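K.L.:
Structure file final.tsv, TSV, C-alpha atoms, is pasted below:
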chain	number	residue	atom	x	y	z
S	1	MET	CA	0.00	0.00	0.00
S	2	SER	CA	1.40	3.41	-0.92
S	3	ASN	CA	2.29	6.07	1.62
S	4	ASN	CA	-0.37	8.33	0.13
S	5	SER	CA	-3.13	5.86	0.82
S	6	THR	CA	-1.82	5.42	4.39
S	7	VAL	CA	-2.14	9.17	4.94
S	8	GLU	CA	-5.60	9.23	3.34
S	9	GLN	CA	-6.72	6.26	5.39
S	10	ALA	CA	-5.46	7.85	8.62
S	11	GLU	CA	-7.23	11.09	7.70
S	12	ARG	CA	-10.48	9.24	6.98
S	13	LEU	CA	-10.34	7.28	10.26
S	14	SER	CA	-9.49	10.40	12.22
S	15	ARG	CA	-12.51	12.23	10.73
S	16	ARG	CA	-14.74	9.25	11.47
S	17	ARG	CA	-13.59	9.24	15.09
S	18	ALA	CA	-14.25	12.98	15.40
S	19	ARG	CA	-17.80	12.43	14.14
S	20	MET	CA	-18.44	9.38	16.34
S	21	LEU	CA	-17.06	10.56	19.69
S	22	PRO	CA	-19.87	12.94	20.68
S	23	PHE	CA	-22.46	10.27	19.80
S	24	LEU	CA	-20.57	7.66	21.82
S	25	ALA	CA	-20.47	10.05	24.78
S	26	ILE	CA	-24.21	10.71	24.51
S	27	ILE	CA	-25.02	6.98	24.24
S	28	TYR	CA	-22.76	6.28	27.22
S	29	LEU	CA	-24.30	9.02	29.37
S	30	THR	CA	-27.93	8.24	28.43
S	31	GLN	CA	-27.27	4.64	29.42
S	32	GLN	CA	-26.83	5.94	32.98
S	33	ALA	CA	-30.45	7.05	33.01
S	34	THR	CA	-31.63	3.46	32.67
S	35	PHE	CA	-29.34	2.46	35.54
S	36	PHE	CA	-30.90	4.94	37.95
S	37	ALA	CA	-34.46	4.65	36.60
S	38	GLY	CA	-35.11	1.14	38.01
S	39	ASP	CA	-37.16	0.77	41.21
S	40	ALA	CA	-35.23	-2.13	42.71
S	41	PRO	CA	-31.69	-1.52	44.00
S	42	PRO	CA	-29.18	-2.45	41.25
S	43	GLY	CA	-27.65	-5.87	41.63
S	44	VAL	CA	-30.75	-7.47	43.14
S	45	ARG	CA	-32.17	-8.97	39.95
S	46	ASP	CA	-30.25	-11.09	37.45
S	47	VAL	CA	-30.91	-8.56	34.72
S	48	ASP	CA	-29.17	-5.89	36.83
S	49	HIS	CA	-25.99	-7.97	36.92
S	50	VAL	CA	-26.07	-8.13	33.11
S	51	LYS	CA	-26.74	-4.39	32.89
S	52	ILE	CA	-23.91	-3.51	35.27
S	53	GLY	CA	-21.59	-5.95	33.49
S	54	ALA	CA	-22.38	-4.36	30.11
S	55	TRP	CA	-21.85	-0.88	31.53
S	56	LEU	CA	-18.49	-1.90	33.03
S	57	VAL	CA	-17.32	-3.45	29.76
S	58	LEU	CA	-18.38	-0.36	27.80
S	59	SER	CA	-16.64	1.89	30.34
S	60	LEU	CA	-13.44	-0.14	30.08
S	61	VAL	CA	-13.47	-0.14	26.27
S	62	LEU	CA	-14.07	3.62	26.14
S	63	LEU	CA	-11.38	4.28	28.75
S	64	LEU	CA	-8.85	2.18	26.83
S	65	ALA	CA	-9.87	3.81	23.55
S	66	ILE	CA	-9.28	7.30	24.90
S	67	ALA	CA	-6.14	6.37	26.83
S	68	THR	CA	-4.43	4.41	24.06
S	69	ASN	CA	-5.86	6.19	20.99
S	70	GLY	CA	-7.84	3.08	19.94
S	71	PHE	CA	-7.71	1.70	16.38
S	72	TRP	CA	-6.13	-1.46	17.79
S	73	PHE	CA	-6.74	-3.49	14.65
S	74	GLN	CA	-5.18	-1.00	12.23
S	75	ARG	CA	-1.63	-1.18	10.91
S	76	ARG	CA	1.08	0.41	13.05
S	77	GLU	CA	1.84	3.20	10.50
S	78	ILE	CA	-1.79	4.22	10.45
S	79	ARG	CA	-2.07	4.11	14.24
S	80	GLU	CA	1.04	6.31	14.59
S	81	LEU	CA	-0.21	8.76	11.97
S	82	ILE	CA	-3.66	9.07	13.57
S	83	ASP	CA	-2.01	9.63	16.96
S	84	ASP	CA	0.08	12.55	15.75
S	85	GLU	CA	1.12	15.54	17.86
S	86	ASN	CA	-2.16	17.41	17.68
S	87	THR	CA	-4.18	14.31	18.58
S	88	ARG	CA	-1.91	13.58	21.54
S	89	ALA	CA	-2.39	17.15	22.77
S	90	ASN	CA	-6.16	16.82	22.37
S	91	ARG	CA	-6.17	13.51	24.22
S	92	ALA	CA	-4.12	14.95	27.08
S	93	SER	CA	-6.50	17.89	27.34
S	94	ALA	CA	-9.52	15.55	27.31
S	95	MET	CA	-8.02	13.30	30.01
S	96	SER	CA	-7.30	16.32	32.19
S	97	PHE	CA	-10.86	17.61	31.63
S	98	GLY	CA	-12.27	14.18	32.54
S	99	PHE	CA	-10.17	14.04	35.72
S	100	ILE	CA	-11.48	17.43	36.84
S	101	ALA	CA	-15.08	16.39	36.05
S	102	GLY	CA	-14.61	13.18	38.07
S	103	MET	CA	-13.17	15.11	41.03
S	104	LEU	CA	-16.01	17.64	40.94
S	105	ALA	CA	-18.55	14.80	40.84
S	106	ALA	CA	-16.84	13.19	43.86
S	107	MET	CA	-16.95	16.49	45.79
S	108	ALA	CA	-20.63	17.02	44.92
S	109	LEU	CA	-21.45	13.49	46.08
S	110	TYR	CA	-19.53	13.99	49.32
S	111	LEU	CA	-21.56	17.12	49.98
S	112	LEU	CA	-24.83	15.40	49.02
S	113	ASN	CA	-24.01	12.52	51.35
S	114	GLN	CA	-24.18	14.95	54.30
S	115	PHE	CA	-27.92	15.35	53.64
S	116	GLU	CA	-28.92	12.09	51.95
S	117	PRO	CA	-26.99	8.81	52.04
S	118	VAL	CA	-25.47	7.83	48.70
S	119	ALA	CA	-24.78	4.13	48.10
S	120	THR	CA	-21.19	3.23	47.27
S	121	HIS	CA	-22.06	1.63	43.93
S	122	GLU	CA	-24.08	4.71	42.93
S	123	ALA	CA	-21.21	7.04	43.86
S	124	ILE	CA	-18.70	4.99	41.85
S	125	HIS	CA	-21.09	4.88	38.92
S	126	ILE	CA	-21.59	8.65	38.91
S	127	ILE	CA	-17.88	9.51	39.32
S	128	LEU	CA	-16.82	7.11	36.57
S	129	SER	CA	-19.56	8.29	34.22
S	130	ALA	CA	-18.79	11.98	34.85
S	131	GLY	CA	-15.06	11.52	34.28
S	132	LEU	CA	-15.30	9.33	31.22
S	133	GLY	CA	-18.25	11.17	29.69
S	134	ALA	CA	-16.57	14.56	30.08
S	135	ALA	CA	-13.30	13.24	28.60
S	136	LEU	CA	-15.11	11.77	25.59
S	137	LEU	CA	-17.09	14.95	24.95
S	138	ARG	CA	-13.98	17.12	25.26
S	139	PHE	CA	-11.93	14.89	22.95
S	140	GLY	CA	-14.76	14.87	20.41
S	141	PHE	CA	-15.10	18.65	20.56
S	142	LEU	CA	-11.35	19.24	20.11
S	143	GLU	CA	-11.03	16.74	17.26
S	144	ARG	CA	-14.04	18.19	15.41
S	145	ARG	CA	-12.66	21.71	15.80
S	146	ALA	CA	-9.26	20.56	14.52
S	147	HIS	CA	-10.86	19.10	11.38
S	148	ARG	CA	-12.85	22.24	10.67
S	149	ASP	CA	-11.66	25.23	8.64
S	150	GLY	CA	-9.71	23.05	6.25
M	1	MET	CA	1.65	41.55	27.60
M	2	ALA	CA	0.53	38.11	26.47
M	3	GLU	CA	2.37	36.66	23.52
M	4	ARG	CA	1.51	33.92	21.10
M	5	LEU	CA	3.23	32.01	18.33
M	6	GLY	CA	2.32	33.50	14.98
M	7	ASN	CA	3.12	31.84	11.68
M	8	ASN	CA	3.24	32.45	7.93
M	9	LEU	CA	2.61	28.83	7.16
M	10	LYS	CA	-0.43	29.40	4.96
M	11	ASP	CA	1.34	32.05	2.85
M	12	ILE	CA	4.52	30.05	2.40
M	13	ARG	CA	2.58	26.89	1.60
M	14	GLY	CA	0.58	28.89	-0.95
M	15	GLU	CA	3.77	30.27	-2.54
M	16	LEU	CA	5.08	26.75	-2.96
M	17	GLY	CA	1.76	25.52	-4.33
M	18	LEU	CA	1.31	22.89	-1.66
M	19	THR	CA	-2.01	21.76	-0.22
M	20	GLN	CA	-2.38	21.07	3.50
M	21	ALA	CA	-2.58	17.37	2.70
M	22	GLN	CA	0.65	17.44	0.67
M	23	LEU	CA	2.51	19.29	3.40
M	24	ALA	CA	1.08	16.92	6.03
M	25	GLU	CA	2.34	13.96	4.05
M	26	ALA	CA	5.81	15.51	3.68
M	27	VAL	CA	5.99	16.17	7.42
M	28	GLY	CA	4.45	12.85	8.49
M	29	VAL	CA	1.36	14.13	10.30
M	30	THR	CA	-2.34	14.32	9.44
M	31	ARG	CA	-3.82	17.30	7.57
M	32	LYS	CA	-5.66	18.18	10.80
M	33	THR	CA	-2.37	19.02	12.53
M	34	ILE	CA	-1.23	21.32	9.71
M	35	ASN	CA	-4.66	22.95	9.75
M	36	THR	CA	-4.57	23.65	13.49
M	37	VAL	CA	-1.00	25.00	13.33
M	38	GLU	CA	-1.94	27.31	10.44
M	39	ASN	CA	-4.98	28.61	12.29
M	40	GLY	CA	-3.02	29.19	15.50
M	41	VAL	CA	-5.23	26.71	17.39
M	42	PHE	CA	-2.29	24.43	18.13
M	43	VAL	CA	1.25	25.42	19.08
M	44	PRO	CA	3.61	22.82	17.57
M	45	SER	CA	6.54	21.33	19.44
M	46	THR	CA	10.06	22.36	18.45
M	47	LEU	CA	10.43	19.03	16.68
M	48	LEU	CA	7.31	19.52	14.58
M	49	ALA	CA	8.21	23.15	13.82
M	50	LEU	CA	11.64	22.01	12.57
M	51	LYS	CA	10.07	19.24	10.49
M	52	ILE	CA	7.69	21.73	8.88
M	53	ALA	CA	10.59	24.10	8.18
M	54	ARG	CA	12.57	21.27	6.60
M	55	ALA	CA	9.63	20.21	4.45
M	56	LEU	CA	9.18	23.81	3.24
M	57	ASP	CA	12.95	24.32	2.89
M	58	ARG	CA	12.79	27.55	4.90
M	59	PRO	CA	14.44	28.61	8.16
M	60	VAL	CA	12.10	28.00	11.09
M	61	GLU	CA	12.14	31.68	12.14
M	62	GLU	CA	10.81	32.64	8.71
M	63	ILE	CA	7.74	30.51	9.35
M	64	PHE	CA	7.19	31.03	13.07
M	65	ALA	CA	7.56	34.19	15.13
M	66	ILE	CA	6.46	35.49	18.52
M	67	SER	CA	3.69	38.01	18.07
M	68	PRO	CA	1.75	40.11	20.59
M	69	ASP	CA	-1.70	38.69	21.39
In structure tokens, write the structure found in this file.
P.N.:
Amino acid sequence: MSNNSTVEQAERLSRRRARMLPFLAIIYLTQQATFFAGDAPPGVRDVDHVKIGAWLVLSLVLLLAIATNGFWFQRREIRELIDDENTRANRASAMSFGFIAGMLAAMALYLLNQFEPVATHEAIHIILSAGLGAALLRFGFLERRAHRDG
Amino acid sequence: MAERLGNNLKDIRGELGLTQAQLAEAVGVTRKTINTVENGVFVPSTLLALKIARALDRPVEEIFAISPD
């Protein structure tokens, strides 16, 4: 495969990721609504174990995708090209944004716990979702902005 | 006074008749990175600035300069 097609392929994949990230973040965050909407405490019914398992797997995949740049099944040259300097800077900014969002969620929950008890699994769920969701949204925003004005 | 890194990348690239994609390929980055550097959205590392200068065959200070914000 020629170098030109490698560059074009990396460009195409990078654009696709920029388009997909905000949708992934929205899907991930709206999934939380179903978690908290149930009447029974999570983990009581068998279906809750499946739901929590699916959420954990999705969280892990998204975390690895944002931390390692993803595209695990692409050729090394393409992976390196997609993860160029600008992308690395955007990823670092997104990770930092996600960390701050997670910390703010933890502080808010600590404060809320003074007035109303918050279950441990709920607190973990909210902190993880806030951190990961914010990082995904930020990365998506930065990547889309970088692709604009071409 | 705040300062930022200005650049003449777009003008020089235009003079040489290169597209963003062609310059990106010569430097070994995606077009997105060239685009963000040109627009001042992204400040490149010294390494990337030198690679761009080499690809354009110009001294780095001719392409990049400190400018008041």
K.L.:
Pick the closest to Leu29 of chain S from S:Leu58, S:Ile100, S:Ile124, S:Ile78: which is it, counting only C-alpha atoms?
P.N.:
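Nearest to Leu29 of chain S: S:Leu58.
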K.L.:
If we count only C-alpha atoms and set the cut-off at 7 Å, which residues sit around segment 19-33 of chain M, ignoring sequence neighbours fewer than 4 positions away in its own chain? Please answer as a ChimeraX atom specification.
P.N.:
/S:7,11,81-82,84,86,146-147 /M:37,51-52,55
K.L.:
Can you list, as a VMD selection string, every protein, DNA or RNA residue that comes within 12 Å of Glu61 of chain M when you count only C-alpha atoms, leaving out same-chain residues fewer than 5 positions away?
P.N.:
chain M and resid 5 to 9 46 49 to 50 52 to 54 66
K.L.:
Rank S:Leu64, S:Leu56, S:Leu21, S:Ala89 by their smallest atom-to-atom distance to chain M, using only C-alpha atoms, and report the top residue only.
P.N.:
S:Ala89
K.L.:
For each of M:Ala2, M:Arg58, M:Phe64, M:Asp11, take the minimum atom-to-atom distance to Gly40 of chain M, counting only C-alpha atoms, then give the residue where this is smallest.
P.N.:
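Comparing M:Ala2, M:Arg58, M:Phe64, M:Asp11 against Gly40 of chain M, the winner is M:Phe64.
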K.L.:
When the cut-off is 12 Å and we count all atoms listed in the file, which residues of chain S are near chain M, given as a CSV table (one decimal) with C-alpha atoms, in the coordinates of the input?
P.N.:
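Generated file (out_23.csv):
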chain,number,residue,atom,x,y,z
S,2,SER,CA,1.4,3.4,-0.9
S,3,ASN,CA,2.3,6.1,1.6
S,4,ASN,CA,-0.4,8.3,0.1
S,5,SER,CA,-3.1,5.9,0.8
S,6,THR,CA,-1.8,5.4,4.4
S,7,VAL,CA,-2.1,9.2,4.9
S,8,GLU,CA,-5.6,9.2,3.3
S,9,GLN,CA,-6.7,6.3,5.4
S,10,ALA,CA,-5.5,7.8,8.6
S,11,GLU,CA,-7.2,11.1,7.7
S,12,ARG,CA,-10.5,9.2,7.0
S,13,LEU,CA,-10.3,7.3,10.3
S,14,SER,CA,-9.5,10.4,12.2
S,15,ARG,CA,-12.5,12.2,10.7
S,18,ALA,CA,-14.2,13.0,15.4
S,77,GLU,CA,1.8,3.2,10.5
S,78,ILE,CA,-1.8,4.2,10.4
S,79,ARG,CA,-2.1,4.1,14.2
S,80,GLU,CA,1.0,6.3,14.6
S,81,LEU,CA,-0.2,8.8,12.0
S,82,ILE,CA,-3.7,9.1,13.6
S,83,ASP,CA,-2.0,9.6,17.0
S,84,ASP,CA,0.1,12.6,15.8
S,85,GLU,CA,1.1,15.5,17.9
S,86,ASN,CA,-2.2,17.4,17.7
S,87,THR,CA,-4.2,14.3,18.6
S,88,ARG,CA,-1.9,13.6,21.5
S,89,ALA,CA,-2.4,17.2,22.8
S,90,ASN,CA,-6.2,16.8,22.4
S,142,LEU,CA,-11.4,19.2,20.1
S,143,GLU,CA,-11.0,16.7,17.3
S,144,ARG,CA,-14.0,18.2,15.4
S,145,ARG,CA,-12.7,21.7,15.8
S,146,ALA,CA,-9.3,20.6,14.5
S,147,HIS,CA,-10.9,19.1,11.4
S,148,ARG,CA,-12.8,22.2,10.7
S,149,ASP,CA,-11.7,25.2,8.6
S,150,GLY,CA,-9.7,23.0,6.2
K.L.:
Please check which residues have atoms at most 6 Å from (3.1, 40.3, 21.7) in the file's coordinates, counting only C-alpha atoms, and write them as an NGL selection string.
P.N.:
:M and (2-3 or 67-69)
K.L.:
Please provide as a PyMOL selection string all residues within 12 Å of Ala119 of chain S, with the sequence filter that same-chain residues fewer than 4 positions apart are discarded (counting all atoms listed in the file).
P.N.:
chain S and resi 36+41-42+109-110+112-113+123-126
K.L.:
My list of candidates is S:Ala54, S:Ala65, S:Val47, S:Val118. Which is closest to Ala135 of chain S when distances are computed with all atoms listed in the file?
P.N.:
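For Ala135 of chain S, the nearest of the given residues is S:Ala65.
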K.L.:
State, in Å with one decimal place, the distance from atom CA of Arg16 of chain S to atom CA of Ser93 of chain S.
P.N.:
19.9 Å
K.L.:
By how many Å are atom CA of Asn69 of chain S and atom CA of Ile127 of chain S apart?
P.N.:
22.2 Å
K.L.:
What is the atom CA of Trp55 of chain S to atom CA of Arg138 of chain S distance in Å?
P.N.:
20.6 Å
